[in-house]
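Participant: Below is the file target_20.txt, which contains compact mmCIF, C-alpha atoms and all ligand atoms.
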# COMPACT_ATOMS: atom_id res chain seq x y z
CA MET F 1 105.66 140.77 91.60
CA LYS F 2 106.75 141.84 95.05
CA ARG F 3 106.95 139.07 97.60
CA ARG F 4 104.46 140.72 99.91
CA HIS F 5 101.86 140.97 97.18
CA CYS F 6 102.61 137.43 96.22
CA LEU F 7 101.97 136.23 99.76
CA VAL F 8 98.68 138.09 99.94
CA LEU F 9 97.50 136.65 96.65
CA LEU F 10 98.48 133.18 97.64
CA MET F 11 96.76 133.17 100.97
CA ILE F 12 94.18 130.48 101.36
CA ALA F 13 92.08 131.07 104.40
CA ILE F 14 88.42 130.87 105.05
CA MET F 15 88.15 132.51 108.42
CA ALA F 16 84.45 133.20 108.61
CA ALA F 17 81.98 131.23 110.66
CA ALA F 18 84.29 128.35 111.47
CA THR F 19 82.83 127.07 114.70
CA LEU F 20 83.44 123.76 116.41
CA PRO F 21 82.21 122.64 119.80
CA VAL F 22 85.38 121.77 121.70
CA HIS F 23 86.99 122.68 125.01
CA GLY F 24 83.78 121.98 126.87
CA GLU F 25 81.10 124.53 126.07
CA GLN F 26 83.52 126.99 124.53
CA PRO F 27 83.24 127.23 120.73
CA LEU F 28 86.58 127.16 118.95
CA THR F 29 87.04 128.96 115.66
CA ALA F 30 89.89 129.17 113.16
CA GLY F 31 90.07 132.90 113.90
CA MET F 32 90.59 132.21 117.60
CA SER F 33 93.23 129.60 116.82
CA LEU F 34 95.09 132.04 114.59
CA ALA F 35 94.96 134.75 117.25
CA TRP F 36 96.35 132.36 119.89
CA LEU F 37 99.23 131.44 117.59
CA MET F 38 100.01 135.10 116.91
CA GLU F 39 99.88 135.95 120.61
CA GLY F 40 102.09 132.98 121.41
CA ASN F 41 104.68 134.01 118.83
CA SER F 42 104.64 137.51 120.28
CA ARG F 43 105.38 136.12 123.76
CA TYR F 44 108.17 133.98 122.28
CA LEU F 45 109.72 137.01 120.58
CA GLN F 46 109.72 138.83 123.88
CA GLY F 47 111.19 135.87 125.74
CA LEU F 48 108.01 135.48 127.80
CA ASN F 49 107.40 131.80 127.04
CA ASN F 50 105.40 130.01 129.65
CA PRO F 51 103.81 126.93 128.07
CA ASP F 52 101.52 124.79 130.19
CA LEU F 53 103.47 121.60 130.88
CA SER F 54 102.03 121.15 134.35
CA PRO F 55 101.03 117.84 135.96
CA GLU F 56 97.46 119.17 136.11
CA ARG F 57 97.48 119.73 132.36
CA ARG F 58 98.89 116.24 131.78
CA GLU F 59 96.14 114.81 133.93
CA SER F 60 93.37 116.68 132.14
CA LEU F 61 94.71 115.54 128.78
CA ALA F 62 94.75 111.89 129.79
CA VAL F 63 91.03 111.77 129.01
CA ALA F 64 91.19 113.34 125.54
CA GLN F 65 93.10 115.85 123.42
CA HIS F 66 91.62 118.94 121.79
CA PRO F 67 94.48 120.64 119.92
CA PHE F 68 93.43 123.97 118.43
CA ALA F 69 95.73 124.00 115.39
CA VAL F 70 97.61 121.66 113.07
CA ILE F 71 101.12 122.76 112.18
CA VAL F 72 102.76 121.32 109.07
CA GLY F 73 106.34 122.39 109.61
CA CYS F 74 109.98 121.68 108.80
CA SER F 75 112.11 119.33 110.89
CA ASP F 76 114.70 122.09 111.30
CA SER F 77 115.88 122.07 114.92
CA ARG F 78 115.52 125.84 115.17
CA ILE F 79 111.77 125.83 114.59
CA PRO F 80 109.90 123.66 117.10
CA PRO F 81 106.28 124.83 116.73
CA GLU F 82 105.39 124.45 120.41
CA HIS F 83 108.21 126.79 121.36
CA ILE F 84 107.84 129.45 118.70
CA PHE F 85 104.10 129.70 119.38
CA ASP F 86 104.51 129.30 123.15
CA GLN F 87 102.03 126.44 123.43
CA GLY F 88 101.85 123.65 125.96
CA LEU F 89 100.77 120.05 126.09
CA GLY F 90 97.71 119.23 124.03
CA ASP F 91 97.63 122.53 122.13
CA LEU F 92 99.19 121.78 118.74
CA PHE F 93 98.97 118.78 116.43
CA VAL F 94 102.34 118.82 114.68
CA ILE F 95 103.58 117.13 111.51
CA ARG F 96 107.20 117.81 110.63
CA LEU F 97 109.27 116.72 107.63
CA ALA F 98 112.33 118.51 106.25
CA GLY F 99 111.18 121.22 103.86
CA ASN F 100 107.67 121.19 105.40
CA VAL F 101 106.59 118.84 102.64
CA VAL F 102 103.77 116.33 102.86
CA ASP F 103 103.57 112.75 101.66
CA THR F 104 100.54 110.49 101.96
CA LEU F 105 101.36 109.63 105.58
CA ALA F 106 101.63 113.28 106.53
CA LEU F 107 98.36 113.97 104.72
CA GLY F 108 96.76 111.14 106.67
CA SER F 109 97.93 112.75 109.91
CA VAL F 110 96.41 116.09 108.93
CA GLU F 111 93.18 114.39 107.93
CA TYR F 112 93.05 112.59 111.28
CA ALA F 113 93.41 115.87 113.17
CA ILE F 114 90.54 117.36 111.20
CA ALA F 115 88.18 114.43 110.98
CA GLU F 116 88.72 112.90 114.42
CA LEU F 117 89.85 115.82 116.58
CA GLY F 118 87.89 118.63 114.92
CA VAL F 119 90.88 120.97 114.58
CA PRO F 120 89.69 124.16 112.78
CA LEU F 121 93.03 125.56 111.54
CA VAL F 122 95.94 124.12 109.55
CA VAL F 123 99.10 126.21 109.28
CA VAL F 124 101.73 125.31 106.68
CA LEU F 125 104.83 126.76 108.27
CA GLY F 126 107.91 127.31 106.13
CA HIS F 127 110.97 129.24 107.19
CA GLU F 128 113.84 131.42 106.19
CA GLY F 129 117.09 129.65 105.36
CA CYS F 130 115.56 126.21 104.83
CA GLY F 131 118.28 123.65 104.09
CA ALA F 132 115.91 121.33 102.24
CA VAL F 133 114.80 124.16 99.95
CA LYS F 134 118.41 125.16 99.30
CA ALA F 135 119.39 121.58 98.55
CA SER F 136 116.50 121.22 96.13
CA VAL F 137 117.51 124.39 94.25
CA ARG F 138 121.13 123.26 94.21
CA SER F 139 120.15 119.90 92.81
CA LEU F 140 118.52 121.72 89.90
CA LEU F 141 121.09 124.44 89.24
CA ASP F 142 124.35 122.96 90.41
CA GLU F 143 123.68 119.30 89.75
CA ALA F 144 124.41 118.70 93.41
CA GLU F 145 122.54 115.44 93.68
CA ALA F 146 121.59 114.16 97.09
CA GLY F 147 121.97 110.53 98.07
CA GLY F 148 119.61 108.03 99.64
CA HIS F 149 116.10 109.11 100.47
CA ILE F 150 117.14 112.76 100.75
CA ALA F 151 116.52 112.85 97.00
CA ASP F 152 112.89 111.84 97.62
CA LEU F 153 112.42 114.89 99.84
CA LEU F 154 114.06 117.23 97.37
CA ASP F 155 111.88 115.89 94.56
CA LEU F 156 108.82 117.13 96.43
CA ILE F 157 110.21 120.70 96.47
CA LYS F 158 111.58 120.71 92.90
CA PRO F 159 108.30 121.65 91.15
CA SER F 160 108.18 124.85 93.24
CA ALA F 161 111.81 125.59 92.43
CA GLU F 162 111.23 125.00 88.73
CA SER F 163 108.19 127.28 88.62
CA VAL F 164 110.04 130.11 90.40
CA LEU F 165 113.07 129.72 88.13
CA GLN F 166 110.93 130.25 85.03
CA SER F 167 110.77 134.00 85.66
CA PHE F 168 113.35 134.76 88.32
CA ALA F 169 116.04 137.43 88.26
CA GLY F 170 117.78 137.97 91.57
CA THR F 171 120.40 136.69 93.93
CA ARG F 172 120.73 133.09 95.00
CA ALA F 173 119.68 134.04 98.53
CA GLU F 174 116.50 135.67 97.18
CA LEU F 175 115.86 132.64 95.04
CA TYR F 176 115.94 130.33 98.04
CA GLU F 177 113.35 132.45 99.83
CA ARG F 178 111.08 132.69 96.79
CA VAL F 179 111.19 128.91 96.42
CA ALA F 180 110.46 128.49 100.14
CA ASP F 181 107.37 130.71 99.69
CA ALA F 182 106.27 128.82 96.58
CA ASN F 183 106.75 125.54 98.42
CA ILE F 184 104.45 126.66 101.25
CA THR F 185 101.77 127.51 98.71
CA ALA F 186 102.30 124.24 96.87
CA VAL F 187 101.86 122.27 100.09
CA ILE F 188 98.60 124.12 100.79
CA GLY F 189 97.51 123.08 97.30
CA GLN F 190 98.41 119.48 98.05
CA LEU F 191 96.43 119.57 101.28
CA LEU F 192 93.41 120.84 99.39
CA GLN F 193 93.59 117.79 97.12
CA SER F 194 92.45 115.77 100.12
CA GLU F 195 88.73 115.15 100.11
CA ILE F 196 88.47 115.46 103.89
CA ILE F 197 90.37 118.74 103.95
CA GLN F 198 88.53 120.13 100.95
CA GLN F 199 85.21 119.29 102.52
CA GLY F 200 86.14 121.01 105.77
CA ALA F 201 87.23 124.15 103.90
CA GLU F 202 84.05 124.19 101.80
CA GLU F 203 81.85 123.77 104.84
CA GLY F 204 83.60 126.67 106.55
CA VAL F 205 84.75 124.63 109.55
CA LEU F 206 88.40 124.58 108.47
CA SER F 207 90.91 127.21 107.43
CA ILE F 208 94.31 126.61 105.88
CA VAL F 209 96.89 129.34 106.00
CA GLY F 210 100.54 129.64 105.00
CA ALA F 211 103.10 131.16 107.31
CA LYS F 212 106.83 131.75 107.35
CA TYR F 213 109.24 131.88 110.26
CA SER F 214 112.17 134.29 110.11
CA LEU F 215 115.27 133.05 111.88
CA GLY F 216 114.95 136.16 114.05
CA GLY F 217 111.89 134.51 115.59
CA GLU F 218 108.90 136.18 113.96
CA VAL F 219 106.14 134.25 112.20
CA THR F 220 104.47 136.08 109.32
CA PHE F 221 101.11 134.68 108.26
CA PHE F 222 100.36 134.92 104.56
CA GLY F 223 97.87 137.69 103.99
CA GLU F 224 98.69 139.29 107.34
ZN ZN W 301 113.68 123.75 106.66
Show this structure as structure tokens.
Facilitator:
Amino acid sequence: MKRRHCLVLLMIAIMAAATLPVHGEQPLTAGMSLAWLMEGNSRYLQGLNNPDLSPERRESLAVAQHPFAVIVGCSDSRIPPEHIFDQGLGDLFVIRLAGNVVDTLALGSVEYAIAELGVPLVVVLGHEGCGAVKASVRSLLDEAEAGGHIADLLDLIKPSAESVLQSFAGTRAELYERVADANITAVIGQLLQSEIIQQGAEEGVLSIVGAKYSLGGEVTFFGE
């Protein structure tokens, strides 16, 4: 199956009628959040970044925060979500672990953003050339075992690598990207195991979408 088709099939997003009363009287929807992220990435690609980091913004946020999206991303230094989406203080609720994996603590952070802050959109953001994904594949194929707690991280990606390897014929570079895609989808599946997240999705107040960052700077949303 072609990657593009794969991405479309694997998209999990419930964009309709997701309305939450935040930002004063202005209703915030998952669709609006997604559009803001896309516009922000477009500005970033053009080098037009201008995030709001002003003293006025800091002051307004001292009362409360109303982030409009949760980003579950990789710790990779090249992919800071606030920069690549051109967002300022108080805009994004970010959880980052190498390989954009989630453990129970990361899940708790996502749940907090949904249950307590009313965030309507969760983006699982993987990326091209992910070192954690490569290391996980290498640990399976090359017996290149990682030491310390790095192994714990790689173990979370291994099921995706194993499932891709069952029917894969291609180059090693292609394999890494296929596993990165599968890992994004697997993390979405893990998020949906959460009762709080599942409930939000079923009620139509929460959307979860996968996305992938190319090292050239562009974010492609699954199903886009
Ligand atoms: Zn990475």
Participant: Please identify all polymer residues within 6 Å of Leu125 (chain F), counting all atoms listed in the file, omitting same-chain residues fewer than 2 positions from it, and present them as a PDB file with C-alpha atoms, in the frame of the given file.
Facilitator:
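Generated output (out26.pdb):
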ATOM      1  CA  VAL F  72     102.760 121.320 109.070  1.00  0.00           C
ATOM      2  CA  GLY F  73     106.340 122.390 109.610  1.00  0.00           C
ATOM      3  CA  VAL F 123      99.100 126.210 109.280  1.00  0.00           C
ATOM      4  CA  ALA F 211     103.100 131.160 107.310  1.00  0.00           C
ATOM      5  CA  LYS F 212     106.830 131.750 107.350  1.00  0.00           C
TER       6      LYS F 212
END
Participant: Please measure the separation of CA of Leu61 (chain F) and CA of Ala113 (chain F), giving the value in Å to one decimal.
Facilitator: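 Atom-to-atom, CA of Leu61 (chain F) to CA of Ala113 (chain F), that is 15.7 Å.
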Participant: Padding of 5 Å on every side, edges along x, y and z, all listed atoms of region 203-209 of chain F included: what centre and edge lengths in Å, to one decimal, does that box have, as lines of an AutoDock Vina configuration file?
Facilitator:
center_x = 89.4
center_y = 126.6
center_z = 107.2
size_x = 25.0
size_y = 15.6
size_z = 14.7
Participant: Using only C-alpha atoms and all ligand atoms, determine which residues fall within 7 Å of ligand ZN 301 (chain W), then list them as number ranges by chain.
Facilitator: F: 74-76, 98-100, 126-127, 129-133
Participant: Which residues are close to Asn50 (chain F), i.e. within 10 Å by all atoms listed in the file, leaving aside same-chain residues fewer than 6 positions away? Reply as JSON, numbers by chain.
Facilitator: {"F": [40, 43, 44, 83, 86, 87, 88]}
Participant: Have a look at F:Val209, F:Gln65, F:Gly31, F:Leu191 and name the one nearest to Leu105 (chain F); count only C-alpha atoms.
Facilitator: F:Leu191
Participant: From the options F:Asn183, F:Gly47, F:Val94, F:Arg178, which residue's atoms come nearest to Leu107 (chain F), counting only C-alpha atoms?
Facilitator: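 Of F:Asn183, F:Gly47, F:Val94, F:Arg178, the one nearest Leu107 (chain F), counting only C-alpha atoms, is F:Val94.
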Participant: Work out how far apart CA of Asn41 (chain F) and CA of Leu153 (chain F) are and give it in Å to one decimal.
Facilitator: 28.0 Å
Participant: With distances taken over all atoms listed in the file, which of F:Leu156, F:Gly223, F:Ala169, F:Met32 is nearest to Thr104 (chain F)?
Facilitator: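 The shortest atom-to-atom distance to Thr104 (chain F) comes from F:Leu156.
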Participant: Quick check, in Å to one decimal: how far apart do CA of Gly108 (chain F) and CA of Ser194 (chain F) lie?
Facilitator: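 Answer for the CA of Gly108 (chain F) to CA of Ser194 (chain F) separation: 9.1 Å.
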Participant: Applying 12 Å and all atoms listed in the file, which residues near Glu39 (chain F) remain after dropping the ones on its own chain fewer than 5 positions away? List them as a PDB file with C-alpha atoms, in the frame of the given file.
Facilitator:
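Saved to around16.pdb:
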ATOM      1  CA  MET F  32      90.590 132.210 117.600  1.00  0.00           C
ATOM      2  CA  SER F  33      93.230 129.600 116.820  1.00  0.00           C
ATOM      3  CA  LEU F  34      95.090 132.040 114.590  1.00  0.00           C
ATOM      4  CA  TYR F  44     108.170 133.980 122.280  1.00  0.00           C
ATOM      5  CA  LEU F  45     109.720 137.010 120.580  1.00  0.00           C
ATOM      6  CA  GLN F  46     109.720 138.830 123.880  1.00  0.00           C
ATOM      7  CA  LEU F  48     108.010 135.480 127.800  1.00  0.00           C
ATOM      8  CA  ASN F  49     107.400 131.800 127.040  1.00  0.00           C
ATOM      9  CA  ILE F  84     107.840 129.450 118.700  1.00  0.00           C
ATOM     10  CA  PHE F  85     104.100 129.700 119.380  1.00  0.00           C
ATOM     11  CA  ASP F  86     104.510 129.300 123.150  1.00  0.00           C
ATOM     12  CA  GLN F  87     102.030 126.440 123.430  1.00  0.00           C
ATOM     13  CA  GLU F 218     108.900 136.180 113.960  1.00  0.00           C
ATOM     14  CA  VAL F 219     106.140 134.250 112.200  1.00  0.00           C
TER      15      VAL F 219
END
Participant: Counting all atoms listed in the file, which residue out of F:Val101, F:Asp142, F:Pro51, F:Ser214 sits closest to Ser160 (chain F)?
Facilitator: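 Checking each candidate against Ser160 (chain F), we get F:Val101 as the closest.
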